[in-house]
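**Q** Just my_file.txt, nothing more (compact mmCIF, C-alpha atoms):
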```txt
# COMPACT_ATOMS: atom_id res chain seq x y z
CA MET A 1116 -90.07 1.21 33.33
CA LYS A 1117 -87.80 2.64 30.64
CA LYS A 1118 -85.59 4.34 33.27
CA LEU A 1119 -85.30 1.09 35.21
CA PHE A 1120 -84.17 -0.75 32.07
CA LEU A 1121 -81.50 1.87 31.33
CA LEU A 1122 -80.19 1.78 34.91
CA THR A 1123 -80.01 -2.03 34.83
CA LEU A 1124 -78.12 -1.95 31.52
CA LEU A 1125 -75.67 0.67 32.83
CA ALA A 1126 -75.01 -1.36 36.00
CA GLY A 1127 -74.36 -4.46 33.90
CA LEU A 1128 -71.82 -2.62 31.77
CA MET A 1129 -70.04 -1.23 34.83
CA TRP A 1130 -69.95 -4.71 36.39
CA SER A 1131 -68.49 -6.28 33.23
CA CYS A 1132 -65.83 -3.57 33.06
CA GLY A 1133 -64.88 -4.15 36.68
CA LEU A 1134 -65.95 -0.70 37.82
CA ILE A 1135 -68.16 -2.00 40.63
CA GLY A 1136 -67.58 -5.34 42.27
CA GLY A 1137 -66.80 -7.97 39.60
CA SER A 1138 -63.25 -9.31 39.24
CA ASP A 1139 -61.51 -6.07 40.23
CA SER A 1140 -61.67 -5.26 43.92
CA GLY A 1141 -59.53 -2.17 43.49
CA GLU A 1142 -56.33 -3.92 44.56
CA LEU A 1143 -53.21 -3.96 42.38
CA ASP A 1144 -53.05 -6.88 39.95
CA ARG A 1145 -50.03 -8.94 41.05
CA GLY A 1146 -49.77 -11.11 37.96
CA ASN A 1147 -50.53 -14.79 37.50
CA LYS A 1148 -52.22 -16.81 40.22
CA GLY A 1149 -49.84 -18.23 42.75
CA ARG A 1150 -47.64 -15.14 42.25
CA LYS A 1151 -45.58 -16.90 39.55
CA VAL A 1152 -44.39 -13.66 38.02
CA ARG A 1153 -40.70 -14.58 37.73
CA TYR A 1154 -39.35 -14.49 34.19
CA SER A 1155 -36.68 -16.97 33.19
CA GLU A 1156 -34.89 -16.36 29.91
CA ALA A 1157 -34.03 -19.34 27.73
CA PRO A 1158 -30.30 -19.70 26.98
CA PRO A 1159 -29.44 -18.21 23.57
CA ASN A 1160 -27.80 -20.58 21.12
CA GLY A 1161 -24.04 -20.72 21.61
CA MET A 1162 -23.94 -18.35 24.59
CA SER A 1163 -23.02 -18.87 28.24
CA TYR A 1164 -24.67 -17.26 31.25
CA VAL A 1165 -22.41 -14.97 33.26
CA PRO A 1166 -23.91 -14.30 36.71
CA ALA A 1167 -23.94 -10.90 38.37
CA GLY A 1168 -21.09 -10.16 40.74
CA ASN A 1169 -18.32 -7.84 41.75
CA PHE A 1170 -14.58 -8.03 41.16
CA LEU A 1171 -11.39 -6.02 41.22
CA LEU A 1172 -11.08 -4.50 37.76
CA GLY A 1173 -7.50 -4.07 36.58
CA HIS A 1174 -4.00 -5.49 36.86
CA ASN A 1175 -3.02 -8.36 39.11
CA ASP A 1176 0.61 -8.12 38.01
CA GLN A 1177 3.15 -5.38 37.48
CA ASP A 1178 2.66 -2.89 34.64
CA LEU A 1179 5.37 -4.25 32.35
CA ASN A 1180 4.81 -1.63 29.66
CA MET A 1181 4.78 1.25 32.17
CA ALA A 1182 1.60 2.34 30.41
CA ILE A 1183 -0.09 3.51 33.63
CA ASN A 1184 -3.45 2.88 31.96
CA ALA A 1185 -5.06 0.53 34.48
CA GLY A 1186 -5.10 0.70 38.24
CA ASN A 1187 -7.51 -1.32 40.35
CA LYS A 1188 -11.16 -0.58 41.01
CA MET A 1189 -13.84 -2.64 42.72
CA VAL A 1190 -16.84 -2.75 40.37
CA THR A 1191 -20.14 -4.62 40.06
CA VAL A 1192 -21.42 -6.21 36.86
CA ASP A 1193 -24.99 -7.31 36.20
CA ALA A 1194 -25.85 -10.71 34.71
CA PHE A 1195 -25.46 -11.14 30.95
CA TRP A 1196 -24.99 -13.68 28.19
CA MET A 1197 -21.76 -13.99 26.25
CA ASP A 1198 -20.78 -15.95 23.15
CA GLN A 1199 -18.89 -19.07 24.14
CA THR A 1200 -16.46 -18.52 21.28
CA GLU A 1201 -15.30 -15.71 19.07
CA ILE A 1202 -17.46 -15.06 16.00
CA THR A 1203 -16.27 -17.41 13.27
CA ASN A 1204 -15.82 -16.95 9.53
CA TYR A 1205 -18.90 -19.12 8.97
CA GLU A 1206 -21.03 -16.95 11.26
CA TYR A 1207 -19.81 -13.65 9.84
CA ARG A 1208 -20.37 -14.88 6.26
CA GLN A 1209 -24.09 -15.13 7.11
CA PHE A 1210 -24.02 -11.38 7.72
CA VAL A 1211 -22.17 -10.73 4.46
CA THR A 1212 -24.62 -12.96 2.58
CA TYR A 1213 -27.59 -11.07 4.02
CA VAL A 1214 -26.13 -7.74 2.92
CA LYS A 1215 -25.32 -9.14 -0.53
CA ASP A 1216 -28.85 -10.50 -1.00
CA SER A 1217 -30.44 -7.24 0.13
CA THR A 1218 -28.12 -5.23 -2.15
CA ILE A 1219 -29.09 -7.40 -5.12
CA ARG A 1220 -32.82 -7.10 -4.41
CA ARG A 1221 -32.65 -3.35 -3.97
CA HIS A 1222 -30.79 -3.05 -7.26
CA LEU A 1223 -33.31 -5.21 -9.10
CA SER A 1224 -36.27 -3.31 -7.68
CA GLU A 1225 -34.77 -0.09 -9.05
CA ASN A 1226 -34.10 -1.59 -12.48
CA GLY A 1227 -37.36 -3.00 -13.76
CA PHE A 1228 -38.18 -5.68 -11.16
CA PRO A 1229 -40.57 -4.05 -8.64
CA GLU A 1230 -41.67 -7.45 -7.33
CA PHE A 1231 -38.57 -7.47 -5.09
CA LEU A 1232 -40.14 -4.65 -3.04
CA LEU A 1233 -42.83 -5.06 -0.40
CA GLU A 1234 -46.26 -3.70 -1.08
CA GLU A 1235 -46.87 -0.46 0.80
CA GLU A 1236 -49.31 -2.01 3.28
CA ASP A 1237 -46.78 -4.73 4.18
CA GLN A 1238 -43.87 -2.40 4.88
CA PHE A 1239 -42.60 -2.44 8.44
CA ASP A 1240 -39.28 -1.23 9.88
CA GLN A 1241 -36.83 -3.42 8.05
CA ASP A 1242 -33.97 -0.91 8.10
CA ALA A 1243 -34.02 -1.22 4.34
CA LEU A 1244 -34.87 1.59 1.95
CA PRO A 1245 -36.80 0.56 0.02
CA PRO A 1246 -38.26 -2.33 2.11
CA ILE A 1247 -37.31 -5.67 0.59
CA ASN A 1248 -39.63 -8.52 -0.33
CA TRP A 1249 -37.69 -11.52 0.96
CA ARG A 1250 -40.45 -13.95 -0.05
CA ARG A 1251 -39.76 -13.40 -3.71
CA ARG A 1252 -37.36 -16.13 -4.87
CA LEU A 1253 -34.20 -15.03 -6.63
CA ASN A 1254 -33.15 -17.44 -9.38
CA VAL A 1255 -30.47 -15.70 -11.39
CA LYS A 1256 -29.26 -18.82 -13.23
CA LYS A 1257 -32.62 -19.42 -14.93
CA ASP A 1258 -33.48 -15.81 -15.74
CA ASP A 1259 -31.35 -14.03 -18.32
CA GLY A 1260 -33.06 -10.74 -17.53
CA LEU A 1261 -32.04 -10.89 -13.87
CA ARG A 1262 -28.51 -11.91 -14.79
CA ASP A 1263 -28.10 -8.99 -17.18
CA ALA A 1264 -29.54 -6.53 -14.66
CA LEU A 1265 -26.99 -7.60 -12.06
CA ARG A 1266 -23.94 -7.02 -14.26
CA GLU A 1267 -23.69 -3.49 -12.88
CA LEU A 1268 -22.88 -4.97 -9.45
CA ASP A 1269 -19.86 -6.88 -10.74
CA TYR A 1270 -16.30 -5.68 -11.02
CA THR A 1271 -15.64 -3.83 -14.25
CA PRO A 1272 -13.74 -5.69 -17.00
CA GLU A 1273 -10.64 -3.69 -16.07
CA GLU A 1274 -10.87 -4.88 -12.45
CA SER A 1275 -11.90 -8.49 -13.08
CA LEU A 1276 -9.42 -11.34 -12.76
CA PHE A 1277 -9.06 -13.71 -15.72
CA GLY A 1278 -12.27 -12.31 -17.17
CA ARG A 1279 -14.43 -13.86 -14.42
CA ARG A 1280 -17.69 -12.29 -13.31
CA GLU A 1281 -17.27 -11.40 -9.64
CA PHE A 1282 -19.48 -9.41 -7.31
CA ASP A 1283 -17.88 -6.10 -6.30
CA VAL A 1284 -17.60 -6.46 -2.51
CA ARG A 1285 -17.25 -2.69 -2.14
CA ARG A 1286 -21.00 -2.54 -2.76
CA LEU A 1287 -21.70 -4.57 0.38
CA VAL A 1288 -22.85 -1.73 2.62
CA TYR A 1289 -25.08 -2.25 5.64
CA GLU A 1290 -27.42 0.61 6.50
CA TYR A 1291 -28.79 0.62 10.02
CA SER A 1292 -30.19 2.81 12.79
CA TRP A 1293 -30.41 2.83 16.58
CA PHE A 1294 -31.74 5.01 19.37
CA ASP A 1295 -29.09 6.90 21.32
CA MET A 1296 -30.46 6.66 24.86
CA ASP A 1297 -27.40 8.33 26.38
CA GLN A 1298 -27.93 11.60 24.52
CA ALA A 1299 -31.70 11.40 24.94
CA ALA A 1300 -31.29 11.06 28.71
CA LYS A 1301 -29.09 14.15 28.89
CA ALA A 1302 -31.28 16.30 26.65
CA ARG A 1303 -33.39 19.05 28.25
CA TYR A 1304 -37.06 19.24 27.35
CA ASP A 1305 -38.97 22.52 27.78
CA HIS A 1306 -42.48 21.47 28.81
CA LYS A 1307 -43.79 25.01 28.44
CA GLU A 1308 -42.51 25.41 24.89
CA LYS A 1309 -43.00 21.68 24.24
CA LYS A 1310 -39.65 21.22 22.54
CA TYR A 1311 -36.10 20.07 23.24
CA ILE A 1312 -33.41 22.62 24.01
CA GLY A 1313 -29.84 22.13 22.83
CA THR A 1314 -27.92 20.04 20.32
CA VAL A 1315 -27.19 16.39 19.60
CA VAL A 1316 -24.22 14.64 17.96
CA ASN A 1317 -25.32 12.39 15.12
CA ALA A 1318 -23.73 9.07 14.04
CA GLN A 1319 -21.27 10.92 11.81
CA GLY A 1320 -20.07 13.00 14.77
CA GLU A 1321 -21.70 16.20 13.54
CA ARG A 1322 -23.55 18.46 15.98
CA GLU A 1323 -27.08 19.58 15.08
CA GLU A 1324 -30.13 21.14 16.72
CA ILE A 1325 -32.54 18.76 18.45
CA LYS A 1326 -35.73 18.67 16.41
CA GLY A 1327 -37.51 15.99 18.39
CA ARG A 1328 -37.34 12.28 19.10
CA SER A 1329 -36.03 11.69 15.58
CA SER A 1330 -32.82 13.54 16.46
CA PHE A 1331 -31.83 10.71 18.80
CA ILE A 1332 -32.27 8.06 16.12
CA MET A 1333 -28.76 7.54 14.76
CA ARG A 1334 -28.31 6.33 11.18
CA ASP A 1335 -25.09 4.98 9.74
CA ARG A 1336 -23.77 2.81 6.92
CA THR A 1337 -20.78 0.46 7.00
CA GLU A 1338 -18.97 -1.68 4.46
CA VAL A 1339 -19.16 -5.21 5.81
CA TYR A 1340 -16.70 -7.35 3.83
CA PRO A 1341 -13.60 -8.12 5.93
CA ASP A 1342 -10.25 -6.64 4.98
CA THR A 1343 -8.55 -9.80 3.73
CA LEU A 1344 -5.36 -7.96 2.81
CA CYS A 1345 -4.66 -7.30 6.49
CA TRP A 1346 -2.78 -10.63 6.51
CA ILE A 1347 -0.16 -9.07 4.23
CA ARG A 1348 -0.24 -5.51 5.54
CA ASP A 1349 0.30 -6.53 9.19
CA PHE A 1350 3.61 -8.30 8.50
CA ASP A 1351 6.40 -6.92 6.35
CA TYR A 1352 8.72 -9.43 4.69
CA SER A 1353 6.45 -12.36 5.56
CA TYR A 1354 4.61 -14.76 3.26
CA ASN A 1355 0.90 -14.65 4.14
CA GLU A 1356 -0.68 -14.49 0.67
CA PRO A 1357 -2.59 -17.83 1.02
CA PHE A 1358 -4.38 -16.48 4.09
CA ALA A 1359 -5.24 -13.22 2.32
CA ALA A 1360 -6.78 -15.17 -0.55
CA ARG A 1361 -8.54 -17.99 1.29
CA TYR A 1362 -8.90 -17.44 5.05
CA PHE A 1363 -12.35 -15.83 5.00
CA SER A 1364 -13.90 -17.67 2.06
CA HIS A 1365 -12.55 -21.23 2.15
CA PRO A 1366 -14.61 -23.85 4.07
CA ALA A 1367 -11.40 -25.17 5.67
CA TYR A 1368 -11.47 -22.04 7.86
CA ASN A 1369 -15.19 -22.07 8.67
CA ASN A 1370 -14.58 -22.62 12.38
CA TYR A 1371 -11.74 -20.13 12.69
CA PRO A 1372 -12.33 -16.67 14.22
CA VAL A 1373 -13.13 -13.96 11.71
CA VAL A 1374 -10.43 -11.28 11.45
CA GLY A 1375 -9.96 -8.14 9.39
CA VAL A 1376 -13.12 -6.56 10.80
CA SER A 1377 -13.13 -3.05 12.21
CA TRP A 1378 -14.93 -1.97 15.36
CA LYS A 1379 -17.67 -0.40 13.24
CA GLN A 1380 -18.14 -3.65 11.32
CA ALA A 1381 -18.40 -5.59 14.58
CA TYR A 1382 -20.94 -3.05 15.84
CA ALA A 1383 -22.97 -3.43 12.63
CA PHE A 1384 -22.87 -7.24 12.96
CA CYS A 1385 -24.41 -6.97 16.44
CA HIS A 1386 -27.19 -4.78 15.04
CA TRP A 1387 -27.90 -7.30 12.26
CA ARG A 1388 -27.89 -10.18 14.74
CA THR A 1389 -30.44 -8.35 16.88
CA LYS A 1390 -32.58 -7.69 13.84
CA LYS A 1391 -32.30 -11.34 12.84
CA ILE A 1392 -33.64 -12.69 16.14
CA GLU A 1393 -36.35 -10.04 16.35
CA GLY A 1394 -37.52 -11.31 12.96
CA GLY A 1395 -39.42 -8.16 12.01
CA ARG A 1396 -41.72 -8.31 15.05
CA ARG A 1397 -43.82 -5.25 15.71
CA THR A 1398 -43.29 -5.76 19.44
CA TYR A 1399 -39.71 -5.18 20.60
CA MET A 1400 -38.59 -8.19 22.66
CA GLY A 1401 -35.44 -6.64 24.12
CA PHE A 1402 -33.05 -9.28 22.77
CA GLU A 1403 -30.29 -6.85 21.86
CA TYR A 1404 -26.88 -8.19 20.88
CA ARG A 1405 -23.94 -5.89 21.39
CA LEU A 1406 -20.23 -5.81 22.03
CA PRO A 1407 -19.38 -6.45 25.70
CA THR A 1408 -18.17 -3.54 27.79
CA GLU A 1409 -14.58 -3.64 28.99
CA SER A 1410 -15.65 -4.48 32.54
CA GLU A 1411 -18.01 -7.24 31.37
CA TRP A 1412 -15.27 -8.73 29.23
CA GLU A 1413 -12.72 -8.84 32.06
CA TYR A 1414 -15.28 -10.17 34.54
CA ALA A 1415 -16.27 -12.93 32.11
CA ALA A 1416 -12.64 -13.75 31.31
CA ARG A 1417 -11.82 -14.29 35.00
CA GLY A 1418 -14.56 -16.92 35.21
CA GLY A 1419 -15.29 -16.13 38.86
CA LEU A 1420 -11.65 -16.49 39.91
CA GLN A 1421 -10.69 -13.36 41.79
CA GLY A 1422 -7.10 -12.20 41.48
CA SER A 1423 -5.98 -14.75 38.89
CA LEU A 1424 -3.64 -13.73 36.08
CA TYR A 1425 -5.23 -15.85 33.36
CA PRO A 1426 -8.73 -17.20 32.62
CA TRP A 1427 -7.66 -20.71 33.66
CA GLY A 1428 -6.71 -19.45 37.13
CA GLY A 1429 -3.04 -20.25 37.37
CA PRO A 1430 -0.01 -17.94 37.07
CA TYR A 1431 1.53 -19.94 34.21
CA THR A 1432 0.70 -20.45 30.55
CA THR A 1433 1.23 -24.22 30.70
CA ASN A 1434 -0.35 -27.05 32.68
CA LYS A 1435 1.48 -29.65 34.78
CA GLN A 1436 2.31 -31.66 31.68
CA GLY A 1437 3.93 -28.64 30.03
CA CYS A 1438 1.15 -28.17 27.45
CA TYR A 1439 0.26 -24.61 26.57
CA LEU A 1440 -3.22 -23.43 27.56
CA ALA A 1441 -3.79 -20.82 24.85
CA ASN A 1442 -2.76 -19.82 21.34
CA PHE A 1443 -0.17 -17.04 21.59
CA LYS A 1444 3.54 -16.35 20.95
CA PRO A 1445 5.55 -18.55 23.33
CA GLN A 1446 9.24 -18.24 24.05
CA ARG A 1447 10.19 -15.26 21.90
CA GLY A 1448 8.69 -16.49 18.66
CA LYS A 1449 8.18 -20.27 18.79
CA TYR A 1450 4.65 -19.90 17.44
CA SER A 1451 4.03 -23.59 16.83
CA LEU A 1452 4.72 -24.74 20.42
CA ASP A 1453 1.09 -24.15 21.44
CA GLY A 1454 -0.28 -26.18 18.54
CA GLY A 1455 -0.93 -23.39 16.03
CA VAL A 1456 1.17 -21.08 13.88
CA ARG A 1457 -1.48 -18.42 13.32
CA THR A 1458 -5.14 -18.55 14.35
CA MET A 1459 -6.65 -21.87 15.41
CA PRO A 1460 -10.22 -23.22 15.33
CA VAL A 1461 -12.30 -21.74 18.13
CA ALA A 1462 -12.66 -23.87 21.27
CA SER A 1463 -9.33 -25.63 20.67
CA TYR A 1464 -8.50 -25.20 24.37
CA ASP A 1465 -10.50 -25.83 27.53
CA PRO A 1466 -13.05 -23.18 28.57
CA ASN A 1467 -12.92 -21.17 31.76
CA ASP A 1468 -15.37 -21.72 34.62
CA TYR A 1469 -18.10 -19.73 32.83
CA GLY A 1470 -17.88 -22.01 29.79
CA LEU A 1471 -16.11 -19.38 27.65
CA TYR A 1472 -13.38 -20.39 25.21
CA ASP A 1473 -10.34 -18.42 24.03
CA MET A 1474 -10.71 -15.53 26.46
CA ALA A 1475 -6.92 -15.49 26.24
CA GLY A 1476 -5.17 -15.76 22.90
CA ASN A 1477 -6.26 -16.79 19.41
CA VAL A 1478 -7.53 -13.32 18.46
CA ALA A 1479 -7.81 -10.14 20.51
CA GLU A 1480 -11.39 -8.91 20.88
CA TRP A 1481 -13.15 -5.59 20.40
CA THR A 1482 -15.20 -4.23 23.29
CA ASN A 1483 -17.87 -1.56 23.34
CA THR A 1484 -15.68 0.75 25.45
CA ALA A 1485 -13.76 3.78 24.21
CA TYR A 1486 -10.15 3.84 25.38
CA ASP A 1487 -8.89 6.41 27.86
CA GLU A 1488 -5.76 6.01 29.99
CA ASN A 1489 -7.51 7.54 33.01
CA ALA A 1490 -10.80 5.68 32.61
CA TYR A 1491 -10.51 3.78 35.89
CA ASN A 1492 -10.38 7.11 37.75
CA PHE A 1493 -13.77 8.28 36.52
CA TYR A 1494 -15.53 4.93 35.89
CA HIS A 1495 -18.68 4.39 37.94
CA ASP A 1496 -18.42 1.32 40.19
CA LEU A 1497 -21.75 -0.09 38.84
CA MET A 1498 -21.58 -1.43 35.27
CA PRO A 1499 -18.69 0.90 34.33
CA ASN A 1500 -18.38 1.94 30.71
CA TYR A 1501 -17.24 4.86 28.58
CA THR A 1502 -18.37 5.41 24.99
CA TYR A 1503 -17.59 7.99 22.35
CA ASN A 1504 -18.82 8.21 18.75
CA ALA A 1505 -15.87 9.48 16.76
CA LYS A 1506 -16.39 10.85 13.27
CA ASP A 1507 -13.99 10.30 10.37
CA SER A 1508 -12.52 13.79 10.67
CA ASP A 1509 -11.80 13.48 14.41
CA PRO A 1510 -8.20 13.22 15.63
CA ILE A 1511 -7.03 9.64 15.69
CA ILE A 1512 -6.74 9.67 19.49
CA LYS A 1513 -10.56 9.87 19.72
CA LYS A 1514 -10.99 6.71 17.64
CA ARG A 1515 -9.43 4.35 20.18
CA LYS A 1516 -11.50 1.38 21.36
CA VAL A 1517 -10.49 -1.04 24.12
CA VAL A 1518 -9.22 -4.42 22.91
CA ARG A 1519 -8.82 -7.34 25.29
CA GLY A 1520 -7.49 -10.88 25.47
CA GLY A 1521 -4.32 -10.88 23.40
CA SER A 1522 -3.86 -12.84 20.20
CA TRP A 1523 -1.87 -15.55 18.43
CA LYS A 1524 0.95 -13.09 17.70
CA ASP A 1525 1.17 -11.57 21.22
CA ALA A 1526 3.40 -12.34 24.17
CA ALA A 1527 1.85 -13.84 27.32
CA TYR A 1528 1.53 -10.45 29.07
CA TYR A 1529 -1.35 -9.48 26.73
CA LEU A 1530 -3.21 -12.69 27.57
CA GLN A 1531 -3.65 -11.66 31.20
CA SER A 1532 -7.26 -10.92 32.14
CA GLY A 1533 -6.41 -7.46 33.50
CA THR A 1534 -4.25 -6.23 30.59
CA ARG A 1535 -5.91 -3.52 28.49
CA THR A 1536 -4.82 -2.08 25.18
CA TYR A 1537 -6.53 -0.47 22.19
CA GLU A 1538 -6.97 -0.36 18.43
CA TYR A 1539 -8.47 2.39 16.29
CA GLN A 1540 -12.15 1.89 15.44
CA ASP A 1541 -11.56 2.02 11.68
CA SER A 1542 -8.49 -0.25 11.72
CA THR A 1543 -8.47 -3.90 10.68
CA HIS A 1544 -5.94 -6.57 11.65
CA SER A 1545 -5.28 -10.27 11.18
CA TYR A 1546 -5.22 -10.71 14.96
CA THR A 1547 -8.40 -8.86 16.02
CA GLY A 1548 -11.91 -10.33 16.13
CA PHE A 1549 -14.89 -10.10 18.48
CA ARG A 1550 -17.70 -11.89 20.28
CA CYS A 1551 -21.16 -10.66 21.26
CA ALA A 1552 -22.88 -10.14 24.58
CA ARG A 1553 -26.56 -9.80 25.53
CA THR A 1554 -28.04 -8.38 28.70
CA TYR A 1555 -29.89 -10.95 30.82
CA MET A 1556 -33.60 -10.12 30.98
CA GLY A 1557 -35.44 -10.51 34.24
CA THR A 1558 -34.36 -11.95 37.57
CA ALA A 1559 -30.75 -13.15 37.63
CA ARG A 1560 -30.36 -16.86 38.18
```
Translate the structure of the given file into structure tokens.

**A**
Amino acid sequence: MKKLFLLTLLAGLMWSCGLIGGSDSGELDRGNKGRKVRYSEAPPNGMSYVPAGNFLLGHNDQDLNMAINAGNKMVTVDAFWMDQTEITNYEYRQFVTYVKDSTIRRHLSENGFPEFLLEEEDQFDQDALPPINWRRRLNVKKDDGLRDALRELDYTPEESLFGRREFDVRRLVYEYSWFDMDQAAKARYDHKEKKYIGTVVNAQGEREEIKGRSSFIMRDRTEVYPDTLCWIRDFDYSYNEPFAARYFSHPAYNNYPVVGVSWKQAYAFCHWRTKKIEGGRRTYMGFEYRLPTESEWEYAARGGLQGSLYPWGGPYTTNKQGCYLANFKPQRGKYSLDGGVRTMPVASYDPNDYGLYDMAGNVAEWTNTAYDENAYNFYHDLMPNYTYNAKDSDPIIKKRKVVRGGSWKDAAYYLQSGTRTYEYQDSTHSYTGFRCARTYMGTAR
């Protein structure tokens, strides 16, 4: 009787686990009933969907500069999202504010205010060392102790202007990390010895032995405050002081594209934006913001119009009424003819057929791609891209990143969708900004 009871109990357990009969017949689970397994991603705020497709990458016009840096190559691009406009001063200031708040809280936690740190059991991958307690309110005006503790973060009396207390923006440093899949994919793993063989190049460009998975986790730190003095440095014998003093901080320029940001700062912004939408989740959702590749940028700029010179499709920079279609440098220096003298508010002109504004003019835009004159010769024809992590001590030629779209100070040639040029990754200019892209998840629409 006892044996019969045990056998009955064992059969019941096996049935409930689906080992015999039950809900599992041994066939592969195909997902929800009715085979509704298609995933449709909701449109991100302020981004346009760019469908997958193929196009002829490169010039549609003669190489006026005789640069011989872009031929023609038929390539295919997968679906992705792209910001409808360039990142604005208002949007980039959110990044700066985040870094400032985290810097203040770290400083306080190290100087007698441990409540601005998370308890050990609540710590979870915040890319902040030590992890920050964001729930703790920061009220400096009502707490003399906090105010005194933060004096160390201000400019020194010798550097202050008119004796004002001002936060030292040189302290605004964003620390972040990412997994280098490219190097991990190329690494050789010895299954017999159970270890990796070879070396890896870290975020600083230094080569080191592969110790394990941690060797592919790159860590870097970047100053995030824009270089406001680029307005003066870019133009000799030109009065641009008001823009150096007010362009980034004054609300009148909230909706203008941010400038004075290096490639590394733009890269760090994308990392922060990803972290912001992930919201500290323990499960990675895959919503990764990044700079667009060169091929993605050109494909998006063309708006589905094959062989057109400009994003609006026509061969001219004006419409039938003679109105200019972008913010650039018309007629050998008549800057104001297009409606703006320098930068203009984003979306001042009509979008292209993908709903993207200012893909020509206003500010030139960083891409994720490293610049090489012969890139089109070795690019793959599927999602082509070329990256290189240059360190500070590398020759300057290795620090080149592809810049696209032309700017308010450029002639019309640089506004053409197929024109490529470059800037150095650590350089900042009053005519260079960026926008973000995000890979489309799931079945393309």

**Q** Could you tell me which of A:Gly1168, A:Arg1251, A:Ser1217, A:Ser1163 comes closest to Leu1233 in chain A if we count all atoms listed in the file?

**A**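 When distances to Leu1233 in chain A are compared using all atoms listed in the file, the smallest one comes from A:Arg1251.
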
**Q** For CA of Pro1366 in chain A and CA of Met1459 in chain A, determine how far apart the two atoms are, in Å to one decimal place.

**A**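 One can read the CA of Pro1366 in chain A to CA of Met1459 in chain A distance as 14.0 Å.
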
**Q** With a distance cut-off of 12 Å and only C-alpha atoms, select the neighbouring residues of Ser1451 in chain A, excluding the residue or stretch itself and same-chain residues fewer than 5 positions from it, and output the selection as a PyMOL selection string.

**A** chain A and resi 1438-1439+1441-1446+1456-1459+1523-1524

**Q** Quick one, how far is CA of Gly1476 in chain A from CA of Gly1521 in chain A?

**A**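 CA of Gly1521 in chain A lies at a distance of 5.0 Å from CA of Gly1476 in chain A.
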
**Q** Quick check, in Å to one decimal: how far apart do CA of Thr1536 in chain A and CA of Ala1479 in chain A lie?

**A** 9.8 Å

**Q** Fewer than 2 positions away in the same chain doesn't count, so skip those; otherwise give me all residues within 9 Å of Arg1336 in chain A, counting all atoms listed in the file, as a PyMOL selection string.

**A** chain A and resi 1288-1292+1334+1338+1383

**Q** Could you write out that same residue set with C-alpha atoms as a CSV table (one decimal), keeping the file's coordinate frame?

**A**
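Once written, part.csv looks like this:
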```csv
chain,number,residue,atom,x,y,z
A,1288,VAL,CA,-22.8,-1.7,2.6
A,1289,TYR,CA,-25.1,-2.2,5.6
A,1290,GLU,CA,-27.4,0.6,6.5
A,1291,TYR,CA,-28.8,0.6,10.0
A,1292,SER,CA,-30.2,2.8,12.8
A,1334,ARG,CA,-28.3,6.3,11.2
A,1338,GLU,CA,-19.0,-1.7,4.5
A,1383,ALA,CA,-23.0,-3.4,12.6
```
